[in-house]
Structures are given as structure tokens and as C-alpha cells.
$ cat coords-v9.tsv   # TSV, C-alpha atoms and all ligand atoms
chain	number	residue	atom	x	y	z
A	15	MET	CA	108.44	79.58	80.85
A	16	ALA	CA	107.98	83.29	81.57
A	17	ARG	CA	104.50	84.74	81.95
A	18	ASN	CA	102.99	86.73	79.14
A	19	PRO	CA	103.53	90.36	80.29
A	20	PHE	CA	100.95	92.02	78.01
A	21	LYS	CA	97.52	93.00	79.37
A	22	PRO	CA	94.90	93.14	76.62
A	23	THR	CA	91.98	93.81	78.98
A	24	ALA	CA	90.02	97.04	79.40
A	25	GLY	CA	91.31	98.92	82.42
A	26	ALA	CA	94.26	96.56	83.04
A	27	THR	CA	97.53	98.36	83.72
A	28	PRO	CA	99.98	97.69	80.86
A	29	PRO	CA	103.62	96.66	81.44
A	30	VAL	CA	104.75	99.98	79.95
A	31	LEU	CA	102.47	103.01	79.76
A	32	VAL	CA	103.64	104.18	76.36
A	33	GLY	CA	103.82	107.84	75.36
A	34	ARG	CA	102.13	109.42	78.36
A	35	ASP	CA	105.08	111.06	80.10
A	36	SER	CA	104.05	114.65	79.60
A	37	VAL	CA	100.52	114.09	80.93
A	38	LEU	CA	101.99	112.43	84.02
A	39	GLU	CA	104.57	115.17	84.50
A	40	ASP	CA	101.78	117.75	84.62
A	41	LEU	CA	100.10	115.72	87.31
A	42	ASP	CA	103.28	115.24	89.32
A	43	GLU	CA	103.82	118.97	89.30
A	44	ALA	CA	100.24	119.58	90.39
A	45	LEU	CA	100.65	117.15	93.29
A	46	GLU	CA	103.70	119.10	94.37
A	47	ASP	CA	102.01	122.48	94.03
A	48	GLY	CA	98.88	121.33	95.86
A	49	ALA	CA	95.71	123.39	96.37
A	50	GLY	CA	94.70	125.51	93.39
A	51	SER	CA	96.97	123.83	90.85
A	52	PRO	CA	95.14	123.72	87.49
A	53	TYR	CA	95.97	120.09	86.68
A	54	LEU	CA	94.16	118.98	89.82
A	55	LEU	CA	90.93	119.73	87.98
A	56	GLN	CA	91.15	117.83	84.73
A	57	PHE	CA	89.10	116.16	82.01
A	58	ILE	CA	90.92	113.29	80.35
A	59	THR	CA	89.31	112.52	77.04
A	60	GLY	CA	89.98	110.08	74.22
A	61	ALA	CA	88.50	107.38	72.01
A	62	ARG	CA	87.62	103.97	73.38
A	63	GLY	CA	90.62	101.86	74.18
A	64	VAL	CA	93.07	104.76	74.10
A	65	GLY	CA	93.86	104.35	77.79
A	66	LYS	CA	91.67	106.71	79.85
A	67	THR	CA	90.90	104.26	82.64
A	68	VAL	CA	94.51	103.14	82.84
A	69	MET	CA	95.57	106.81	83.00
A	70	LEU	CA	93.27	107.48	85.95
A	71	THR	CA	94.71	104.41	87.68
A	72	GLU	CA	98.28	105.59	87.11
A	73	MET	CA	97.47	109.11	88.25
A	74	GLY	CA	95.90	107.70	91.39
A	75	ARG	CA	98.92	105.50	92.01
A	76	ARG	CA	101.26	108.47	91.79
A	77	ALA	CA	99.09	110.55	94.07
A	78	ARG	CA	98.99	107.77	96.70
A	79	GLN	CA	102.74	107.47	96.46
A	80	GLN	CA	102.99	111.16	97.34
A	81	GLY	CA	100.77	110.56	100.37
A	82	TRP	CA	97.49	111.79	98.93
A	83	ILE	CA	94.24	109.99	99.62
A	84	VAL	CA	92.70	108.70	96.39
A	85	ILE	CA	89.13	107.62	95.77
A	86	ASP	CA	88.37	105.99	92.40
A	87	GLU	CA	84.80	106.08	91.16
A	88	THR	CA	82.66	105.71	88.04
A	89	ALA	CA	79.91	108.20	87.23
A	90	THR	CA	76.94	105.88	87.76
A	91	PRO	CA	73.90	106.99	89.83
A	92	LYS	CA	74.47	107.59	93.57
A	93	LEU	CA	78.01	108.75	92.86
A	94	ILE	CA	77.78	111.50	95.48
A	95	GLN	CA	76.50	109.07	98.07
A	96	ARG	CA	79.35	106.62	97.40
A	97	LEU	CA	81.92	109.40	97.49
A	98	THR	CA	80.53	110.66	100.77
A	99	SER	CA	80.85	107.23	102.41
A	100	ALA	CA	84.34	106.73	101.01
A	101	VAL	CA	85.53	110.11	102.29
A	102	ARG	CA	83.95	109.37	105.68
A	103	ARG	CA	85.78	106.04	105.92
A	104	HIS	CA	89.10	107.72	105.18
A	105	ARG	CA	88.41	110.47	107.66
A	106	GLU	CA	87.54	107.99	110.36
A	107	GLU	CA	90.71	106.04	109.63
A	108	LEU	CA	92.68	109.21	110.17
A	109	GLY	CA	91.00	109.56	113.53
A	110	GLN	CA	89.07	112.73	112.76
A	111	PRO	CA	85.84	112.71	114.80
A	112	SER	CA	82.52	113.41	113.09
A	113	ARG	CA	81.41	116.24	115.30
A	114	ARG	CA	83.39	119.40	115.14
A	115	LYS	CA	83.17	121.85	117.96
A	116	ILE	CA	82.10	124.99	116.24
A	117	THR	CA	81.60	128.15	118.19
A	118	GLY	CA	79.03	130.61	117.00
A	119	ALA	CA	75.62	129.33	116.06
A	120	GLY	CA	73.79	129.35	112.79
A	121	ILE	CA	76.56	128.27	110.47
A	122	SER	CA	75.05	127.24	107.21
A	123	LEU	CA	77.08	125.38	104.67
A	124	GLY	CA	74.62	126.12	101.93
A	125	PRO	CA	72.59	123.73	99.86
A	126	PHE	CA	75.53	121.75	98.54
A	127	GLY	CA	76.97	118.70	100.14
A	128	GLY	CA	73.66	116.99	100.58
A	129	ALA	CA	72.39	118.81	103.64
A	130	ASN	CA	71.90	122.19	105.14
A	131	LEU	CA	73.66	121.67	108.39
A	132	ASP	CA	73.19	123.26	111.71
A	133	LEU	CA	76.34	122.10	113.41
A	134	GLU	CA	75.04	123.01	116.83
A	135	SER	CA	71.97	120.85	116.76
A	136	PRO	CA	72.41	117.48	118.43
A	137	ASP	CA	70.34	115.50	115.96
A	138	ARG	CA	71.62	117.07	112.77
A	139	ALA	CA	71.68	115.15	109.51
A	140	ALA	CA	74.78	113.18	108.59
A	141	PRO	CA	77.45	115.41	106.98
A	142	GLY	CA	77.27	115.70	103.21
A	143	LEU	CA	80.14	115.33	100.78
A	144	ARG	CA	81.36	118.89	101.07
A	145	GLU	CA	81.55	118.81	104.82
A	146	GLU	CA	83.10	115.34	104.84
A	147	ILE	CA	85.85	116.50	102.50
A	148	GLY	CA	86.41	119.59	104.64
A	149	MET	CA	86.85	117.42	107.72
A	150	LEU	CA	89.10	115.01	105.86
A	151	CYS	CA	91.31	117.87	104.70
A	152	ASP	CA	91.49	119.18	108.28
A	153	ALA	CA	92.60	115.73	109.40
A	154	LEU	CA	95.19	115.52	106.62
A	155	ASP	CA	96.49	118.92	107.54
A	156	LEU	CA	97.18	117.67	111.06
A	157	HIS	CA	99.11	114.73	109.66
A	158	ASP	CA	100.86	116.31	106.72
A	159	GLY	CA	99.92	119.67	105.27
A	160	GLU	CA	101.45	118.85	101.87
A	161	THR	CA	98.89	116.33	100.68
A	162	GLY	CA	95.17	116.19	100.04
A	163	LEU	CA	92.39	114.24	98.39
A	164	ILE	CA	92.17	113.11	94.77
A	165	ILE	CA	88.88	111.87	93.38
A	166	THR	CA	88.92	110.12	90.01
A	167	VAL	CA	85.65	109.67	88.13
A	168	ASP	CA	85.66	107.44	85.07
A	169	GLU	CA	83.00	107.59	82.31
A	170	ILE	CA	82.13	111.12	83.46
A	171	HIS	CA	79.83	111.64	80.43
A	172	THR	CA	77.37	109.09	81.85
A	173	ILE	CA	76.81	111.13	85.02
A	174	PRO	CA	73.18	112.00	85.86
A	175	GLN	CA	72.56	115.75	85.54
A	176	SER	CA	71.69	116.31	89.19
A	177	GLU	CA	74.84	114.56	90.37
A	178	LEU	CA	76.95	116.65	88.00
A	179	GLU	CA	75.46	119.82	89.45
A	180	GLU	CA	76.15	118.65	92.96
A	181	LEU	CA	79.69	117.53	92.22
A	182	THR	CA	80.38	120.83	90.48
A	183	ALA	CA	79.05	122.96	93.29
A	184	ILE	CA	80.94	121.02	95.93
A	185	THR	CA	84.22	121.11	94.03
A	186	GLN	CA	83.91	124.83	93.34
A	187	HIS	CA	83.38	125.59	96.98
A	188	LEU	CA	86.28	123.41	98.07
A	189	ILE	CA	88.60	125.09	95.58
A	190	ARG	CA	87.44	128.50	96.74
A	191	GLU	CA	88.22	127.46	100.31
A	192	ASP	CA	91.71	126.57	99.11
A	193	ARG	CA	91.28	122.92	100.00
A	194	PRO	CA	93.88	120.51	98.54
A	195	VAL	CA	91.35	118.61	96.47
A	196	GLY	CA	91.76	117.20	92.97
A	197	LEU	CA	89.06	115.95	90.61
A	198	LEU	CA	90.26	113.91	87.63
A	199	MET	CA	87.52	112.90	85.22
A	200	ALA	CA	87.67	110.73	82.11
A	201	GLY	CA	85.26	110.28	79.20
A	202	ILE	CA	84.66	110.03	75.46
A	203	PRO	CA	85.56	113.47	73.98
A	204	GLN	CA	82.40	114.22	72.06
A	205	ALA	CA	80.19	113.09	74.92
A	206	VAL	CA	82.14	115.29	77.33
A	207	GLU	CA	81.80	118.23	74.91
A	208	ARG	CA	78.09	117.58	74.76
A	209	MET	CA	77.86	117.49	78.53
A	210	ILE	CA	79.61	120.87	78.65
A	211	SER	CA	77.53	122.52	75.94
A	212	ASP	CA	74.30	121.17	77.44
A	213	ASN	CA	75.24	122.98	80.62
A	214	ALA	CA	76.18	126.31	79.03
A	215	GLN	CA	73.06	127.87	80.49
A	216	ARG	CA	73.87	126.73	84.01
A	217	PRO	CA	76.41	129.26	85.25
A	218	LYS	CA	77.66	127.10	88.14
A	219	VAL	CA	78.32	124.04	86.03
A	220	SER	CA	79.72	125.93	83.04
A	221	THR	CA	82.20	128.01	85.07
A	222	PHE	CA	83.53	124.84	86.57
A	223	MET	CA	83.78	123.10	83.20
A	224	ARG	CA	85.62	126.03	81.67
A	225	ARG	CA	88.06	126.06	84.52
A	226	ALA	CA	88.99	122.40	84.15
A	227	GLU	CA	92.07	121.46	82.14
A	228	ARG	CA	91.42	119.29	79.09
A	229	THR	CA	93.84	116.52	78.35
A	230	SER	CA	93.19	114.62	75.19
A	231	LEU	CA	94.77	111.18	74.93
A	232	GLU	CA	95.76	110.28	71.40
A	233	GLU	CA	97.49	107.45	69.63
A	234	VAL	CA	101.14	107.12	70.63
A	235	PRO	CA	104.21	107.50	68.38
A	236	LEU	CA	105.43	104.25	66.79
A	237	HIS	CA	109.03	104.70	67.89
A	238	SER	CA	107.85	104.80	71.53
A	239	VAL	CA	105.74	101.69	70.90
A	240	ALA	CA	108.73	99.85	69.39
A	241	ALA	CA	110.93	100.82	72.34
A	242	ALA	CA	108.25	99.59	74.75
A	243	PHE	CA	108.05	96.24	72.92
A	244	GLU	CA	111.81	95.82	73.16
A	245	GLN	CA	111.77	96.68	76.85
A	246	THR	CA	108.80	94.49	77.74
A	247	LEU	CA	110.00	91.46	75.79
A	248	THR	CA	113.56	91.71	77.08
A	249	GLU	CA	112.48	92.14	80.68
A	250	ALA	CA	110.27	89.07	80.31
A	251	GLY	CA	113.21	86.97	79.08
A	252	ARG	CA	112.60	87.06	75.32
A	253	SER	CA	114.67	88.75	72.68
A	254	VAL	CA	113.66	90.86	69.68
A	255	SER	CA	115.57	92.80	67.05
A	256	PRO	CA	114.84	96.52	66.65
A	257	GLU	CA	113.42	95.79	63.18
A	258	VAL	CA	110.94	93.22	64.47
A	259	ALA	CA	110.04	95.49	67.40
A	260	MET	CA	109.18	98.14	64.80
A	261	GLU	CA	107.05	95.62	62.87
A	262	CYS	CA	105.14	95.00	66.11
A	263	ALA	CA	104.71	98.74	66.55
A	264	GLN	CA	103.46	99.18	62.99
A	265	ALA	CA	100.90	96.43	63.54
A	266	THR	CA	99.41	98.48	66.41
A	267	GLY	CA	99.04	101.75	64.47
A	268	GLY	CA	99.96	103.40	67.80
A	269	TYR	CA	96.54	102.54	69.25
A	270	PRO	CA	97.06	101.56	72.90
A	271	PHE	CA	94.60	98.65	73.03
A	272	MET	CA	96.34	97.16	70.00
A	273	ILE	CA	99.73	97.49	71.73
A	274	GLN	CA	98.54	94.99	74.32
A	275	LEU	CA	96.72	92.76	71.82
A	276	VAL	CA	99.58	92.53	69.34
A	277	GLY	CA	102.07	92.01	72.18
A	278	TYR	CA	99.96	89.35	73.84
A	279	HIS	CA	99.26	87.30	70.73
A	280	THR	CA	102.74	87.65	69.26
A	281	TRP	CA	104.15	86.39	72.56
A	282	ARG	CA	101.83	83.37	72.57
A	283	ILE	CA	102.82	82.23	69.10
A	284	GLY	CA	106.50	81.86	69.97
A	285	LYS	CA	106.30	81.44	73.77
A	286	THR	CA	110.10	81.39	74.29
A	287	GLY	CA	113.26	82.67	72.64
A	288	GLU	CA	113.51	85.26	69.95
A	289	VAL	CA	110.40	86.95	68.57
A	290	THR	CA	110.45	86.79	64.78
A	291	SER	CA	108.70	88.51	61.90
A	292	SER	CA	106.47	85.51	61.33
A	293	HIS	CA	105.38	85.55	65.00
A	294	VAL	CA	104.43	89.20	64.55
A	295	ALA	CA	102.46	88.55	61.37
A	296	ALA	CA	100.43	85.77	63.02
A	297	GLY	CA	100.08	87.79	66.25
A	298	ARG	CA	98.79	90.79	64.33
A	299	ASP	CA	96.05	88.76	62.61
A	300	LYS	CA	94.89	87.32	65.89
A	301	ALA	CA	95.04	90.77	67.52
A	302	ARG	CA	92.82	92.28	64.82
A	303	LYS	CA	90.18	89.62	65.39
A	304	ARG	CA	90.27	90.11	69.14
A	305	LEU	CA	89.99	93.89	68.74
A	306	GLY	CA	86.68	93.29	66.98
A	307	ASP	CA	85.34	91.16	69.84
A	308	LEU	CA	86.71	93.36	72.62
A	309	VAL	CA	86.15	96.87	71.30
A	310	HIS	CA	84.00	96.98	68.17
A	311	ALA	CA	81.32	94.43	69.04
A	312	PRO	CA	80.46	95.96	72.47
A	313	ALA	CA	80.62	99.50	71.05
A	314	LEU	CA	78.22	98.53	68.23
A	315	ALA	CA	75.91	96.73	70.66
A	316	ASP	CA	75.41	100.03	72.54
A	317	LEU	CA	74.07	101.70	69.38
A	318	SER	CA	70.65	101.73	67.74
A	319	PRO	CA	69.90	99.60	64.63
A	320	VAL	CA	69.95	102.71	62.42
A	321	ASP	CA	73.32	103.76	63.86
A	322	ARG	CA	74.71	100.35	62.95
A	323	THR	CA	73.25	100.47	59.44
A	324	PHE	CA	74.72	103.94	58.99
A	325	LEU	CA	78.19	102.73	59.98
A	326	THR	CA	77.92	99.67	57.77
A	327	HIS	CA	77.09	101.90	54.78
A	328	MET	CA	80.05	104.12	55.67
A	329	SER	CA	82.37	101.14	55.54
A	330	GLN	CA	81.92	100.98	51.74
A	331	ASP	CA	84.26	103.95	51.49
A	332	SER	CA	87.96	103.34	51.80
A	333	GLY	CA	88.56	106.89	53.09
A	334	PRO	CA	86.45	109.68	54.61
A	335	THR	CA	82.73	109.62	53.79
A	336	ARG	CA	80.62	112.36	52.18
A	337	ALA	CA	77.15	113.12	53.53
A	338	ILE	CA	75.73	113.17	50.00
A	339	ASP	CA	76.82	109.56	49.42
A	340	MET	CA	75.18	108.55	52.68
A	341	GLN	CA	71.91	110.14	51.52
A	342	THR	CA	71.96	107.90	48.47
A	343	ARG	CA	72.95	104.76	50.36
A	344	MET	CA	70.42	105.23	53.16
A	345	GLY	CA	67.70	106.69	50.88
A	346	GLU	CA	67.19	109.59	53.28
A	347	GLY	CA	67.49	113.39	53.24
A	348	SER	CA	70.34	115.55	54.50
A	349	ASN	CA	68.75	116.28	57.90
A	350	TYR	CA	68.35	112.62	58.66
A	351	ILE	CA	71.97	111.95	57.73
A	352	SER	CA	73.26	114.80	59.87
A	353	VAL	CA	71.25	113.68	62.90
A	354	TYR	CA	72.84	110.23	62.75
A	355	ARG	CA	76.26	111.58	61.91
A	356	ASP	CA	76.12	113.81	65.02
A	357	ARG	CA	74.87	110.96	67.20
A	358	LEU	CA	77.75	108.76	66.09
A	359	ILE	CA	80.29	111.53	66.59
A	360	ARG	CA	79.07	111.95	70.16
A	361	ALA	CA	79.27	108.21	70.72
A	362	GLY	CA	82.94	108.34	69.72
A	363	MET	CA	82.45	106.00	66.74
A	364	ILE	CA	83.20	108.52	63.99
A	365	GLN	CA	84.86	111.93	63.80
A	366	PRO	CA	84.97	114.89	61.42
A	367	ALA	CA	87.65	114.31	58.78
A	368	ALA	CA	90.38	116.72	57.77
A	369	THR	CA	88.55	117.38	54.48
A	370	TYR	CA	85.72	119.76	55.24
A	371	GLY	CA	82.28	118.19	55.42
A	372	ARG	CA	83.53	114.60	55.48
A	373	PHE	CA	83.64	112.20	58.38
A	374	GLU	CA	85.56	109.02	59.14
A	375	PHE	CA	85.82	106.16	61.62
A	376	ALA	CA	87.28	107.07	65.01
A	377	LEU	CA	88.43	103.55	65.90
A	378	PRO	CA	91.18	101.60	64.14
A	379	GLU	CA	90.08	98.53	62.17
A	380	LEU	CA	86.40	99.44	62.58
A	381	ARG	CA	85.93	99.72	58.84
A	382	GLU	CA	87.35	96.23	58.28
A	383	TYR	CA	85.24	94.83	61.12
A	384	LEU	CA	82.07	96.34	59.65
A	385	ARG	CA	82.89	94.99	56.20
A	386	ASP	CA	83.46	91.51	57.58
A	387	HIS	CA	80.22	91.59	59.56
A	388	ALA	CA	78.06	93.69	57.22
A	389	ALA	CA	75.49	91.01	56.43
A	390	GLN	CA	75.00	90.12	60.06
A	391	LEU	CA	74.83	93.76	61.23
A	392	ILE	CA	72.25	94.72	58.64
A	393	ALA	CA	70.18	91.60	59.40
A	394	GLN	CA	70.23	92.50	63.10
A	395	SER	CA	69.05	96.00	62.25
A	396	GLU	CA	66.13	94.71	60.23
A	397	ASN	CA	64.88	92.41	62.97
A	401	LIG	N1	99.74	104.22	77.11
A	401	LIG	C1	99.51	102.92	76.96
A	401	LIG	N2	100.51	102.07	76.59
A	401	LIG	C2	100.28	100.76	76.45
A	401	LIG	N3	99.10	100.17	76.64
A	401	LIG	C3	98.07	100.94	77.01
A	401	LIG	C4	98.22	102.36	77.19
A	401	LIG	N4	97.04	102.87	77.55
A	401	LIG	C5	96.18	101.85	77.60
A	401	LIG	N5	96.77	100.68	77.29
A	401	LIG	C6	96.10	99.37	77.19
A	401	LIG	O1	94.97	99.55	76.34
A	401	LIG	C7	93.82	98.86	76.83
A	401	LIG	C8	92.67	99.82	77.01
A	401	LIG	O2	92.94	100.75	78.06
A	401	LIG	P1	91.75	101.44	78.88
A	401	LIG	O3	90.78	100.42	79.31
A	401	LIG	O4	92.36	102.31	79.89
A	401	LIG	O5	91.10	102.35	77.71
A	401	LIG	P2	89.87	103.37	77.84
A	401	LIG	O6	90.26	104.60	77.10
A	401	LIG	O7	89.47	103.52	79.26
A	401	LIG	O8	88.74	102.61	77.02
A	401	LIG	P3	87.11	102.76	77.15
A	401	LIG	O9	86.74	104.06	76.50
A	401	LIG	O10	86.59	101.59	76.38
A	401	LIG	O11	86.78	102.71	78.62
A	401	LIG	C9	94.28	98.13	78.10
A	401	LIG	O12	94.63	96.83	77.73
A	401	LIG	C10	95.52	98.90	78.53
A	401	LIG	O13	96.45	98.06	79.19
A	402	MG	MG	87.75	103.09	80.29
$ encode --input "coords-v9.tsv" --output "C-alpha cells"
Amino acid sequence: MARNPFKPTAGATPPVLVGRDSVLEDLDEALEDGAGSPYLLQFITGARGVGKTVMLTEMGRRARQQGWIVIDETATPKLIQRLTSAVRRHREELGQPSRRKITGAGISLGPFGGANLDLESPDRAAPGLREEIGMLCDALDLHDGETGLIITVDEIHTIPQSELEELTAITQHLIREDRPVGLLMAGIPQAVERMISDNAQRPKVSTFMRRAERTSLEEVPLHSVAAAFEQTLTEAGRSVSPEVAMECAQATGGYPFMIQLVGYHTWRIGKTGEVTSSHVAAGRDKARKRLGDLVHAPALADLSPVDRTFLTHMSQDSGPTRAIDMQTRMGEGSNYISVYRDRLIRAGMIQPAATYGRFEFALPELREYLRDHAAQLIAQSEN
């Protein structure tokens, strides 16, 4: 029996990366153009489970294939330190010695890169990130002038302020020096926006942020999802009619995490042979339940009790919610409601709706999950 090809796990590379061709084409072009290409400095944003981590992985894979060095990181504390060691390891592998012979004394690399270096002094501090990257690029240039270094940073919105400032300053200098360096960062859109607006008063950080390309990952078109189901199932030795493949696609709503969940569970129900409508119906039900456990439950656990109560009250509506209704339901004034609304928008749980002044859930099936678990969620909030 063939193995189930679907990968319903956060960060796991799917059998087909549906609907992301244009984003990847931009990157491919940037890798060809090299230093200074705009898509080498990029924020990839999108709701939970839309495929940001998987996109960084795929971008990194393509860059490696083109001969670039890729370092994948997450924006937790000591990011700069980890990046510095990773760059050093790559540089040493390329056979670039640590100590450069520099003629002319008193070269100062400035306060960025972790150290103010006097390259002439015998007992100087270890090179910081900026200098390490410089040396790595020199080494790459000796091997193959067409490539460079790509750094991917996931969950960029969780970065500590001081590390963001350092990363910004270092990247800006490297770009100015025309180094072939790319920085691809991913995060929840509203949290990334917040990070940018919080830094508006810091000229160094804000210039850098403005310069970066923004790529927003959205849900993918259903016809692409249906085609991907047909391809994946056929390649794995099953068969499916175009109509049933479209039923699968409809069950996902175009939401990438659901593509893997619906695929995985539909596969398991039949196991071999043709995939039928009844497999899809059962697979979809199972997928919805798993989405709750995998996406909604952990997302809700990160929130405060009031946030959870707020969302539970929102789930009474079958469409976008009005602030005035939330005042009544929560028994609070308009300021209170807008504070929580804004918090939840930044957390990526809700978003402004098309109708002015209203807001709605940002994640598929969240409303249904909240309705099913309302009693439990409100009890948790009261404890
Ligand atoms: N374009 C896509 N086509 C098919 N499946 C995808 C696609 N993008 C992501 N997936 C699948 O969706 C799931 C979630 O992907 P991923 O973990 O990258 O999302 P994320 O945006 O990083 O989520 P989070 O915000 O929670 O970190 C994984 O199972 C992955 O295989
Ligand atoms: Mg992720």
C-alpha cells in the first residue's frame, strides 16, 4: 500500500506547493540578479497555517540549488549570536581564514556587528556578524562570484527590539557595500505591521523596513487546489475524478493547512483505489476536527482569558461583527472593545471586514470551533 503523501504538520513541506508560483518566480529572478535585488529583502506575511514557514523552506531550497549559502533561523533571543556562529562555520568550511591582512591601521567597522574591531590588534574580539558575513562573501567571491548568502528568519514579529536594531543595521551596511546578501523574514501580518509602526521613530530601522518587499500569502484558488489533489493522488497510485478532486478542494476553502488535512484524512478513509465523494465527506469532517486541535486550540491558548471571551462572543454572529453588539455582549464601553479588537487583530485571530467598522475571524472554521467549545472556553476564562 502506498504511503499517505499529505503532510498536515506545521512547517512540513507539502507534496505540491499550491498557488505560490509567482512568489517563487520573484525569488528566482532575485537569485539570478544577485546583490541589490529588491526581492532579496522581503517580508512574507500571512495568517497562521497559510504556509509562511514552508515558503521560507522552499525559498531556501531554491537558493541552495543555485549555489547560495542558506541559514534558516527563528527570531528568538540570541538570534544575532546564532547567526554569527552559523556564518563563521560556513566561512571556515569554505577555507576563509579568520584573520584578514588589512593594511592601514585604525579601521573601524562601526558599532554594528557586535564589536568595534581594530583589525590590527592581536587580541581583538571575535568578529561580529557584519564582519563574518563580509568575510564569507569574500570567500564566496573566490569560489563563485554569482552567489551569496541568504538568511531566513521565521516568526520575525517575536524578535527582541535590540536584535531587530542590530539585524537592521548590519543588513543595511551589507547592502550598501553591495554584498550579495538576502534576508527573508516571515510573520503574522498585523504583528509585522505593528513592529514596523513601533519603529517609525527609529530612522535606521524604519528605512530598512520601508525598503523591504512585502509579500502577503493568501488562500489559494480552488482550481489550483483541485489540480494539486489530482496530481498528488495519481502520483501516489490512487485515482480521482475531476469532480471529486474539486469536492476535496471545496472542503479546504483554499486554506493551505486544510489542503493537507483534507488530503490526509480523505486518503486514510479509502487507503487504496479510487477516491470517492463519500471518502471526501468523511475526510472533511475529520480534517475540521483536526484543524481545531492543530491550529485553533494552540492559537487560543496563547491569548488572555478576556481575548478568548471576546472571540467566543463574536462567534454568535454568522457574519462580520459590529463593535456595538460586542459592547452589549461584554457589558463594556467602546474603548474597552476597541482595545481588545486591536489586540486580536495584531494576534492574527480577527481582521477588519469589508463592511466599514466591522470585523471578522481571520482563520477558517474558527467560528465553528468557538461555538463547539464555548462553554469550556468561557469556564476557562472565569477560572
Ligand atoms: N502552498 C501550499 N500548498 C499546499 N499545502 C501547503 C501550502 N503552504 C502550506 N501548506 C501546508 O500547510 C501547513 C501549514 O504550513 P506552515 O507551517 O508553513 O504555515 P505557517 O504560515 O508557517 O503557520 P504558522 O503561522 O502557524 O507558523 C503545512 O502542513 C504545510 O504543508
Ligand atoms: Mg510558521
$ closest_residue --input "coords-v9.tsv" --among "A:Ala250, A:Ile165, A:Leu143, A:Val309" --to "Phe271 in chain A" --atoms "all atoms listed in the file"
A:Val309
$ residues_near_ligand --input "coords-v9.tsv" --ligand "ligand MG 402 (chain A)" --cutoff "10 Å" --atoms "all atoms listed in the file" --output "tab-separated table (two decimals) with C-alpha atoms, in the coordinates of the input"
chain	number	residue	atom	x	y	z
A	24	ALA	CA	90.02	97.04	79.40
A	25	GLY	CA	91.31	98.92	82.42
A	26	ALA	CA	94.26	96.56	83.04
A	60	GLY	CA	89.98	110.08	74.22
A	61	ALA	CA	88.50	107.38	72.01
A	62	ARG	CA	87.62	103.97	73.38
A	63	GLY	CA	90.62	101.86	74.18
A	64	VAL	CA	93.07	104.76	74.10
A	65	GLY	CA	93.86	104.35	77.79
A	66	LYS	CA	91.67	106.71	79.85
A	67	THR	CA	90.90	104.26	82.64
A	68	VAL	CA	94.51	103.14	82.84
A	69	MET	CA	95.57	106.81	83.00
A	70	LEU	CA	93.27	107.48	85.95
A	88	THR	CA	82.66	105.71	88.04
A	168	ASP	CA	85.66	107.44	85.07
A	169	GLU	CA	83.00	107.59	82.31
A	200	ALA	CA	87.67	110.73	82.11
A	201	GLY	CA	85.26	110.28	79.20
A	202	ILE	CA	84.66	110.03	75.46
$ closest_residue --input "coords-v9.tsv" --among "A:Ser348, A:Tyr354, A:Phe373, A:Val294" --to "Asp331 in chain A" --atoms "all atoms listed in the file"
A:Phe373
$ atom_distance --input "coords-v9.tsv" --atom1 "atom C9 of ligand LIG 401 (chain A)" --atom2 "CA of Ile359 in chain A"
22.5 Å
$ residues_around --input "coords-v9.tsv" --residues "Arg76 in chain A" --least-positions-apart "6" --cutoff "12 Å" --atoms "all atoms listed in the file" --output "list of chain:residue names"
A:Leu38, A:Glu39, A:Asp40, A:Leu41, A:Asp42, A:Glu43, A:Ala44, A:Leu45, A:Glu46, A:Met69, A:Leu70, A:Trp82, A:Ile83, A:Val84, A:Ile164
$ closest_residue --input "coords-v9.tsv" --among "A:Thr335, A:Ser238, A:Gln56, A:Ser51" --to "Pro270 in chain A" --atoms "all atoms listed in the file"
A:Ser238
$ residues_around --input "coords-v9.tsv" --residues "Arg225 in chain A" --least-positions-apart "3" --cutoff "8 Å" --atoms "all atoms listed in the file" --output "NGL selection string"
:A and (55 or 221-222)
$ closest_residue --input "coords-v9.tsv" --among "A:Val101, A:Ile184, A:Leu31, A:Leu163" --to "ligand LIG 401 (chain A)" --atoms "all atoms listed in the file"
A:Leu31
